[in-house]
Amino acid sequence: RRLVVAAVESFAKVGFHATTTRDIATAAGMSPAALYVHFPSKTALLFEISRTGHERTLAMVLDVANGTADPVTKMRTLVENFVAWHAREHVTARVVQYELTALPEREYLVIAGLRRRIEQAVRALVTAGSDAGVFTVPDSKTAARAVLSLGIDVARWYSERTRKTPRALGREYATLVLGMLGCTNSP
């Protein structure tokens with residue numbers, strides 16, 4: 001756990017490529033060789049961080065998308081939760097979302113598959129709202145990507161000094177997203 005926390009902080013601060021295994025181990029209060037006891041490489045550690053973050057996001061998205069609420073309520077809840085997580089966990093989210101290009105192809109493909117499933121679930125929700133006549137969008141795929149991009153970008157700029165709480169920011173973004181989707185019925 002200490003290695004993961006130290007890696008997240010260092011990757012977020014200076015990037016994956018500028019972080020050394022020595023930096024991670026030292027920040028974790030361990031010897032440089034300790035990292036290799038738990039992870040075969042710095043890349044494996046990044047993959048674990050990214051995979052875990054994407055799997056948790058997918059579970060959250062599917063939990064909301066598979067619920068019994070109407071499309072508007074589902075979208076509001078999904079955006080509130082997605083944005084709040086990217087704000088509350090902005091340091092981890094920055095690594096999860098922005099260090100993907102450092103992964104080797106095999107690991108990158110695993111993450112890309114998780115991202116596709118997240119996007120497909122959001123796209124299905126947008127399509128359901130369009131079919132129900134409560135969303136008006138020209139293209140569900142583009143709309144889903146826009147919804148996700150808004151939430152992901154929060155990790156880039158959010159900090160502890162931000163005046164809005166993660167939950168308040170999530171609520172505000174949800175209102176903006178529903179407007180962007182041309183929502184005709186917003187609870």
# chains A, B, ... in the order shown; residues from 1 in each chain; ligands from 1
call {"tool": "closest_atom_pairs", "arguments": {"of": "segment 46-92 of chain A", "to": "segment 129-146 of chain A", "cutoff": "9 Å", "atoms": "only C-alpha atoms", "output": "Markdown table"}}
result
| residue | atom | partner | partner_atom | distance |
| --- | --- | --- | --- | --- |
| A:Asp70 | CA | A:Gly129 | CA | 8.2 |
| A:Pro71 | CA | A:Gly129 | CA | 5.1 |
| A:Val72 | CA | A:Gly129 | CA | 6.9 |
| A:Met75 | CA | A:Gly129 | CA | 8.9 |
call {"tool": "closest_residue", "arguments": {"among": "A:His38, A:Arg2, A:Arg115, A:Arg167", "to": "Val61 of chain A", "atoms": "only C-alpha atoms"}}
result
A:Arg115
call {"tool": "residues_around", "arguments": {"residues": "Tyr108 of chain A", "least_positions_apart": "5", "cutoff": "10 Å", "atoms": "only C-alpha atoms", "output": "NGL selection string"}}
result
:A and (47 or 50-51 or 100-103 or 113-114)
call {"tool": "residues_around", "arguments": {"residues": "Ser149 of chain A", "least_positions_apart": "5", "cutoff": "12 Å", "atoms": "only C-alpha atoms", "output": "PyMOL selection string"}}
result
chain A and resi 79+82-83+86+97-98+115+118-119+122+142-144+154-156+173+177
call {"tool": "closest_residue", "arguments": {"among": "A:Glu99, A:Gly67, A:Arg88, A:Met60", "to": "Phe11 of chain A", "atoms": "only C-alpha atoms"}}
result
A:Glu99
call {"tool": "closest_residue", "arguments": {"among": "A:Val91, A:Leu150, A:Leu46, A:Leu176", "to": "His17 of chain A", "atoms": "only C-alpha atoms"}}
result
A:Leu46
